[in-house]
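Q: So here's target-v5.pdb (PDB, C-alpha atoms).
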ATOM      1  CA  MET U   1      53.748  -1.184 -19.897
ATOM      2  CA  ILE U   2      51.032   1.488 -19.912
ATOM      3  CA  TYR U   3      48.671  -0.895 -21.746
ATOM      4  CA  VAL U   4      49.109  -3.481 -19.000
ATOM      5  CA  ILE U   5      48.270  -0.915 -16.290
ATOM      6  CA  ILE U   6      45.193   0.284 -18.222
ATOM      7  CA  SER U   7      44.086  -3.335 -18.731
ATOM      8  CA  ILE U   8      44.448  -4.087 -15.012
ATOM      9  CA  ILE U   9      42.445  -0.963 -14.104
ATOM     10  CA  ILE U  10      39.682  -1.929 -16.554
ATOM     11  CA  ILE U  11      39.569  -5.492 -15.187
ATOM     12  CA  ILE U  12      39.331  -4.183 -11.614
ATOM     13  CA  LEU U  13      36.506  -1.796 -12.564
ATOM     14  CA  VAL U  14      34.624  -4.599 -14.348
ATOM     15  CA  LEU U  15      35.004  -6.870 -11.300
ATOM     16  CA  ILE U  16      33.732  -4.135  -8.987
ATOM     17  CA  LEU U  17      30.718  -3.562 -11.268
ATOM     18  CA  LEU U  18      29.997  -7.299 -11.441
ATOM     19  CA  SER U  19      30.199  -7.566  -7.661
ATOM     20  CA  PHE U  20      27.504  -4.885  -7.340
ATOM     21  CA  LEU U  21      25.344  -6.730  -9.866
ATOM     22  CA  LEU U  22      25.824 -10.296  -8.598
ATOM     23  CA  ILE U  23      26.100  -9.873  -4.809
ATOM     24  CA  PRO U  24      22.651  -9.144  -3.369
ATOM     25  CA  LEU U  25      21.755  -5.848  -1.750
ATOM     26  CA  LYS U  26      19.884  -6.037   1.563
ATOM     27  CA  LEU U  27      16.962  -3.651   2.012
ATOM     28  CA  SER U  28      15.218  -3.215   5.360
ATOM     29  CA  LEU U  29      12.089  -1.214   6.095
ATOM     30  CA  ASP U  30      10.688  -0.799   9.601
ATOM     31  CA  LEU U  31       7.541   1.269  10.202
ATOM     32  CA  LYS U  32       5.542   1.893  13.377
ATOM     33  CA  LYS U  33       2.250   3.816  13.521
ATOM     34  CA  ASN U  34       0.607   4.827  16.771
ATOM     35  CA  GLY U  35      -2.256   7.305  16.484
ATOM     36  CA  THR U  36      -1.128  10.119  14.206
ATOM     37  CA  GLU U  37       2.558   9.407  14.802
ATOM     38  CA  LEU U  38       4.443   7.479  12.115
ATOM     39  CA  LYS U  39       8.074   6.518  12.636
ATOM     40  CA  GLY U  40      10.359   4.267  10.717
ATOM     41  CA  ARG U  41      13.669   3.637   9.052
ATOM     42  CA  PHE U  42      14.870   2.443   5.656
ATOM     43  CA  ILE U  43      18.325   0.832   5.456
ATOM     44  CA  LEU U  44      20.305  -0.359   2.431
ATOM     45  CA  LYS U  45      23.280  -2.661   3.019
ATOM     46  CA  PHE U  46      25.903  -4.147   0.707
ATOM     47  CA  LEU U  47      28.127  -6.940   2.047
ATOM     48  CA  GLY U  48      26.817  -6.173   5.530
ATOM     49  CA  ILE U  49      27.948  -2.538   5.305
ATOM     50  CA  LYS U  50      25.299   0.169   5.688
ATOM     51  CA  VAL U  51      25.338   2.143   2.433
ATOM     52  CA  PHE U  52      22.218   4.269   2.965
ATOM     53  CA  SER U  53      19.896   4.991   5.869
ATOM     54  CA  LYS U  54      16.811   7.228   5.980
ATOM     55  CA  GLU U  55      14.556   8.067   8.897
ATOM     56  CA  ILE U  56      10.817   8.174   8.184
ATOM     57  CA  PRO U  57       9.349  10.751   8.201
ATOM     58  CA  GLY U  58      12.173  12.912   6.935
ATOM     59  CA  ASP U  59      12.764  16.573   7.596
ATOM     60  CA  GLU U  60       9.384  18.386   7.860
ATOM     61  CA  LYS U  61      10.681  21.411   5.950
ATOM     62  CA  ASP U  62      11.673  19.231   2.987
ATOM     63  CA  GLN U  63       8.266  17.540   3.026
ATOM     64  CA  ASP U  64       6.444  20.888   3.061
ATOM     65  CA  ASP U  65       8.526  22.149   0.113
ATOM     66  CA  LYS U  66       7.931  18.931  -1.849
ATOM     67  CA  SER U  67       4.183  18.979  -1.178
ATOM     68  CA  GLU U  68       3.940  22.592  -2.390
ATOM     69  CA  ASP U  69       5.880  21.710  -5.554
ATOM     70  CA  LYS U  70       3.652  18.663  -6.177
ATOM     71  CA  ASN U  71       0.474  20.726  -5.737
ATOM     72  CA  GLU U  72       1.719  23.290  -8.251
ATOM     73  CA  ASP U  73       2.726  20.524 -10.668
ATOM     74  CA  LYS U  74      -0.683  18.840 -10.364
ATOM     75  CA  LYS U  75      -2.462  22.079 -11.186
ATOM     76  CA  ASP U  76      -0.260  22.701 -14.203
ATOM     77  CA  LYS U  77       0.107  19.172 -15.598
ATOM     78  CA  PHE U  78      -3.277  17.418 -15.281
ATOM     79  CA  ASP U  79      -4.324  16.724 -18.837
ATOM     80  CA  PHE U  80      -6.691  13.939 -19.884
ATOM     81  CA  LYS U  81      -5.178  13.686 -23.378
ATOM     82  CA  ARG U  82      -1.725  13.271 -21.871
ATOM     83  CA  ILE U  83      -2.964  10.463 -19.601
ATOM     84  CA  LEU U  84      -4.487   8.666 -22.583
ATOM     85  CA  LYS U  85      -1.233   9.079 -24.503
ATOM     86  CA  ILE U  86       0.770   7.618 -21.604
ATOM     87  CA  LEU U  87      -1.636   4.658 -21.371
ATOM     88  CA  LYS U  88      -1.300   4.035 -25.122
ATOM     89  CA  LEU U  89       2.513   4.209 -24.868
ATOM     90  CA  PHE U  90       2.405   1.831 -21.892
ATOM     91  CA  LYS U  91       0.317  -0.627 -23.916
ATOM     92  CA  ASN U  92       2.851  -0.462 -26.761
ATOM     93  CA  SER U  93       5.743  -0.855 -24.294
ATOM     94  CA  TRP U  94       4.230  -3.755 -22.350
ATOM     95  CA  PRO U  95       5.884  -6.566 -24.394
ATOM     96  CA  HIS U  96       9.273  -4.987 -23.598
ATOM     97  CA  LEU U  97       8.460  -4.180 -19.945
ATOM     98  CA  TYR U  98       7.068  -7.615 -19.052
ATOM     99  CA  PRO U  99      10.517  -9.312 -19.095
ATOM    100  CA  LEU U 100      11.791  -6.511 -16.834
ATOM    101  CA  LEU U 101       9.006  -7.167 -14.311
ATOM    102  CA  THR U 102       9.697 -10.905 -14.519
ATOM    103  CA  ALA U 103      13.407 -10.297 -13.896
ATOM    104  CA  PHE U 104      12.524  -8.105 -10.916
ATOM    105  CA  TYR U 105      10.298 -10.865  -9.506
ATOM    106  CA  ARG U 106      13.071 -13.460  -9.919
ATOM    107  CA  SER U 107      15.697 -11.173  -8.376
ATOM    108  CA  VAL U 108      13.833 -10.304  -5.171
ATOM    109  CA  ASN U 109      13.962 -12.657  -2.199
ATOM    110  CA  ILE U 110      11.743 -11.870   0.784
ATOM    111  CA  GLU U 111      13.673 -12.754   3.932
ATOM    112  CA  LYS U 112      11.217 -11.265   6.426
ATOM    113  CA  PHE U 113       7.745  -9.780   6.053
ATOM    114  CA  SER U 114       5.944  -9.034   9.280
ATOM    115  CA  LEU U 115       2.724  -7.064   9.605
ATOM    116  CA  ASN U 116       0.987  -6.529  12.953
ATOM    117  CA  ILE U 117      -2.052  -4.233  12.757
ATOM    118  CA  ARG U 118      -4.824  -3.212  15.125
ATOM    119  CA  LEU U 119      -7.855  -2.210  13.068
ATOM    120  CA  GLY U 120     -11.178  -0.730  14.128
ATOM    121  CA  MET U 121     -13.917   0.879  12.039
ATOM    122  CA  GLU U 122     -17.031   2.981  12.614
ATOM    123  CA  SER U 123     -19.140   0.107  13.909
ATOM    124  CA  PRO U 124     -18.300  -3.305  15.366
ATOM    125  CA  ALA U 125     -20.213  -4.978  12.509
ATOM    126  CA  ASP U 126     -18.120  -3.218   9.871
ATOM    127  CA  THR U 127     -14.961  -4.114  11.772
ATOM    128  CA  ALA U 128     -15.930  -7.792  11.976
ATOM    129  CA  LEU U 129     -16.868  -7.951   8.286
ATOM    130  CA  PHE U 130     -13.704  -6.220   7.094
ATOM    131  CA  ILE U 131     -11.418  -8.238   9.396
ATOM    132  CA  GLY U 132     -13.067 -11.432   8.134
ATOM    133  CA  TYR U 133     -12.234 -10.525   4.548
ATOM    134  CA  ILE U 134      -8.633  -9.690   5.476
ATOM    135  CA  TRP U 135      -8.180 -12.911   7.476
ATOM    136  CA  SER U 136      -9.397 -14.970   4.520
ATOM    137  CA  PHE U 137      -6.347 -13.735   2.584
ATOM    138  CA  THR U 138      -3.699 -13.374   5.277
ATOM    139  CA  TYR U 139      -3.918 -16.708   7.089
ATOM    140  CA  PRO U 140      -3.336 -18.847   3.971
ATOM    141  CA  LEU U 141      -0.374 -16.561   3.175
ATOM    142  CA  ASN U 142       1.010 -17.126   6.681
ATOM    143  CA  VAL U 143       1.030 -20.873   6.047
ATOM    144  CA  ILE U 144       2.478 -21.050   2.518
ATOM    145  CA  THR U 145       4.849 -18.054   2.439
ATOM    146  CA  LYS U 146       7.338 -16.166   4.594
ATOM    147  CA  ILE U 147       4.670 -13.528   5.207
ATOM    148  CA  ASP U 148       3.641 -13.140   8.851
ATOM    149  CA  ALA U 149       0.496 -11.010   9.020
ATOM    150  CA  VAL U 150      -1.506 -10.550  12.213
ATOM    151  CA  ILE U 151      -4.621  -8.364  12.064
ATOM    152  CA  THR U 152      -6.268  -7.707  15.436
ATOM    153  CA  PRO U 153      -9.787  -6.231  15.550
ATOM    154  CA  ASP U 154     -10.674  -3.344  17.848
ATOM    155  CA  PHE U 155     -14.447  -3.148  18.258
ATOM    156  CA  ASP U 156     -14.417  -0.142  20.601
ATOM    157  CA  ARG U 157     -12.956   2.617  18.434
ATOM    158  CA  ARG U 158     -11.894   3.635  14.972
ATOM    159  CA  VAL U 159      -8.174   2.899  14.758
ATOM    160  CA  LEU U 160      -5.408   1.821  12.408
ATOM    161  CA  ASP U 161      -2.161   1.267  14.301
ATOM    162  CA  GLY U 162       0.603  -1.262  13.990
ATOM    163  CA  ASP U 163       4.081  -2.331  12.981
ATOM    164  CA  PHE U 164       5.502  -3.340   9.629
ATOM    165  CA  GLN U 165       8.912  -4.928   9.038
ATOM    166  CA  MET U 166      10.344  -6.116   5.763
ATOM    167  CA  ASP U 167      13.799  -7.416   4.863
ATOM    168  CA  ILE U 168      14.533  -8.335   1.265
ATOM    169  CA  SER U 169      17.617  -9.192  -0.741
ATOM    170  CA  LEU U 170      17.887  -7.928  -4.297
ATOM    171  CA  ARG U 171      20.231  -9.090  -7.051
ATOM    172  CA  LEU U 172      20.609  -6.401  -9.706
ATOM    173  CA  PHE U 173      22.179  -8.398 -12.575
ATOM    174  CA  TRP U 174      19.000  -9.566 -14.350
ATOM    175  CA  ILE U 175      17.144  -6.328 -13.574
ATOM    176  CA  VAL U 176      19.899  -4.173 -15.070
ATOM    177  CA  SER U 177      20.293  -6.395 -18.142
ATOM    178  CA  GLU U 178      16.528  -6.405 -18.830
ATOM    179  CA  ALA U 179      16.314  -2.644 -18.158
ATOM    180  CA  ILE U 180      19.066  -2.001 -20.719
ATOM    181  CA  ARG U 181      17.340  -4.302 -23.203
ATOM    182  CA  ALA U 182      13.982  -2.579 -22.654
ATOM    183  CA  PHE U 183      15.532   0.887 -22.959
ATOM    184  CA  THR U 184      16.856   0.014 -26.427
ATOM    185  CA  LYS U 185      13.235  -0.295 -27.637
ATOM    186  CA  LYS U 186      11.632   2.840 -29.064
ATOM    187  CA  PRO U 187       8.191   2.501 -27.338
ATOM    188  CA  VAL U 188       9.861   2.303 -23.919
ATOM    189  CA  ARG U 189      11.977   5.379 -24.592
ATOM    190  CA  GLU U 190       8.878   7.275 -25.762
ATOM    191  CA  LEU U 191       6.993   6.224 -22.603
ATOM    192  CA  ILE U 192       9.842   7.410 -20.360
ATOM    193  CA  LYS U 193      10.125  10.681 -22.246
ATOM    194  CA  GLU U 194       6.387  11.375 -22.011
ATOM    195  CA  ALA U 195       6.169  10.378 -18.339
ATOM    196  CA  ARG U 196       9.074  12.702 -17.441
ATOM    197  CA  SER U 197       7.690  15.750 -19.270
TER     198      SER U 197
END
As a first step, turn the structure in this file into structure tokens.
A:
Amino acid sequence: MIYVIISIIIIILVLILLSFLLIPLKLSLDLKKNGTELKGRFILKFLGIKVFSKEIPGDEKDQDDKSEDKNEDKKDKFDFKRILKILKLFKNSWPHLYPLLTAFYRSVNIEKFSLNIRLGMESPADTALFIGYIWSFTYPLNVITKIDAVITPDFDRRVLDGDFQMDISLRLFWIVSEAIRAFTKKPVRELIKEARS
């Protein structure tokens, strides 16, 4: 009798795990910048239920503490030999990481991508030139993809303001399976170990 109960519990746990891997997660990011003020929100949903929500920017005290820690870490950890070692490990790990990146690409579905920016530079000529380059990339994307990008020039002042909204769905099954497969390879483990130290 106890074996039957344990078997049922294991089956239920496996089904719960598979549901997390096969049912897509919904990620939403909404950012608004006006002058020096940046506001936004990140939301993670599973089966329509909000699992995680974060206001952007977060608590100023936490950001100050993190920035001080990062500055101390940068002073202590910048080493050219270490960077070269990480690049060499990344090169050795690339054949094992490429399937992971491919799985990530296959598992992500962009449901909404909206970018609305007002951009102005030092001079009207620079603004026109830069906006022309950006339009040459964004308008073809607007036609052939779900990306909606509108870049509006401002010839009177130097400015970068706008809104950004993105909704994506993410299936974790292939990502997790490729991540486990990659982690079993020695070069990938060495790269992770070196990057974390």
Q: Around the point (-0.9, 7.8, -20.5), in the coordinates given by the file, pick out the residues reaching within 12 Å, counting all atoms listed in the file, and return them as an MDAnalysis selection string.
A: chainID U and resid 78:93 190:197
Q: In Å, with one decimal, what is the gap from atom CA of Thr184 of chain U to atom CA of His96 of chain U?
A: 9.5 Å
Q: Evaluating the PyMOL selection byres ((chain U and resi 17-31) around 7) on the displayed file yields which residues, as a list in words?
A: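 Listing what the PyMOL selection byres ((chain U and resi 17-31) around 7) selects in the shown file: Leu13, Val14, Leu15, Ile16, Lys32, Lys33, Lys39, Gly40, Arg41, Phe42, Ile43, Leu44, Lys45, Phe46, Asp163, Phe164, Gln165, Met166, Asp167, Ile168, Ser169, Leu170, Arg171, Leu172 and Phe173 of chain U.
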Q: Using atom CA of Ile11 of chain U and atom CA of Lys185 of chain U as the two end points, give the distance in Å to one decimal.
A: 29.6 Å
Q: Do you have the atom CA of Lys146 of chain U-atom CA of Phe104 of chain U distance handy?
A: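 Between these atoms lies a distance of 18.2 Å.
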Q: Here is a test: counting all atoms listed in the file, which residue of U:Ser123, U:Ser114, U:Ser7, U:Ser177 is nearest to Leu141 of chain U?
A: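 Closest residue, counting all atoms listed in the file: U:Ser114.
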Q: Mind checking which residues fall within 10 Å of Arg106 of chain U, counting all atoms listed in the file, ignoring those fewer than 4 positions away in the same chain, and posting them as a PyMOL selection string?
A: chain U and resi 100-102+170-171+174-175
Q: Give the padded box for segment 18-29 of chain U as AutoDock Vina command-line options: axis-aligned, covering all atoms listed in the file, 8 Å on each side, centre and edge lengths in Å to one decimal.
A:
--center_x 21.1 --center_y -5.8 --center_z -2.7 --size_x 34.1 --size_y 25.1 --size_z 33.5
Q: What's around Thr36 of chain U at 12 Å? Count all atoms listed in the file, leave out sequence neighbours fewer than 6 positions away in its own chain, and write the answer as number ranges by chain.
A: U: 159-162
Q: Might you pull out every residue within 12 Å of segment 136-139 of chain U, with all atoms listed in the file counted and same-chain residues fewer than 5 positions away left off, and present them as JSON, numbers by chain?
A: {"U": [114, 115, 116, 117, 129, 130, 131, 144, 145, 146, 147, 148, 149, 150, 151, 152]}
Q: Point out the residue among U:Leu47, U:Val188, U:Ile134, U:Ile56 with the least atom-to-atom distance to Tyr98 of chain U, counting all atoms listed in the file.
A: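 Closest to Tyr98 of chain U, using all atoms listed in the file: U:Val188.
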Q: I need the residue nearest Glu122 of chain U from this list: U:Asp154, U:Ile9, U:Ile110, U:Asn142. Use only C-alpha atoms for the distance.
A: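 Comparing U:Asp154, U:Ile9, U:Ile110, U:Asn142 against Glu122 of chain U, the winner is U:Asp154.
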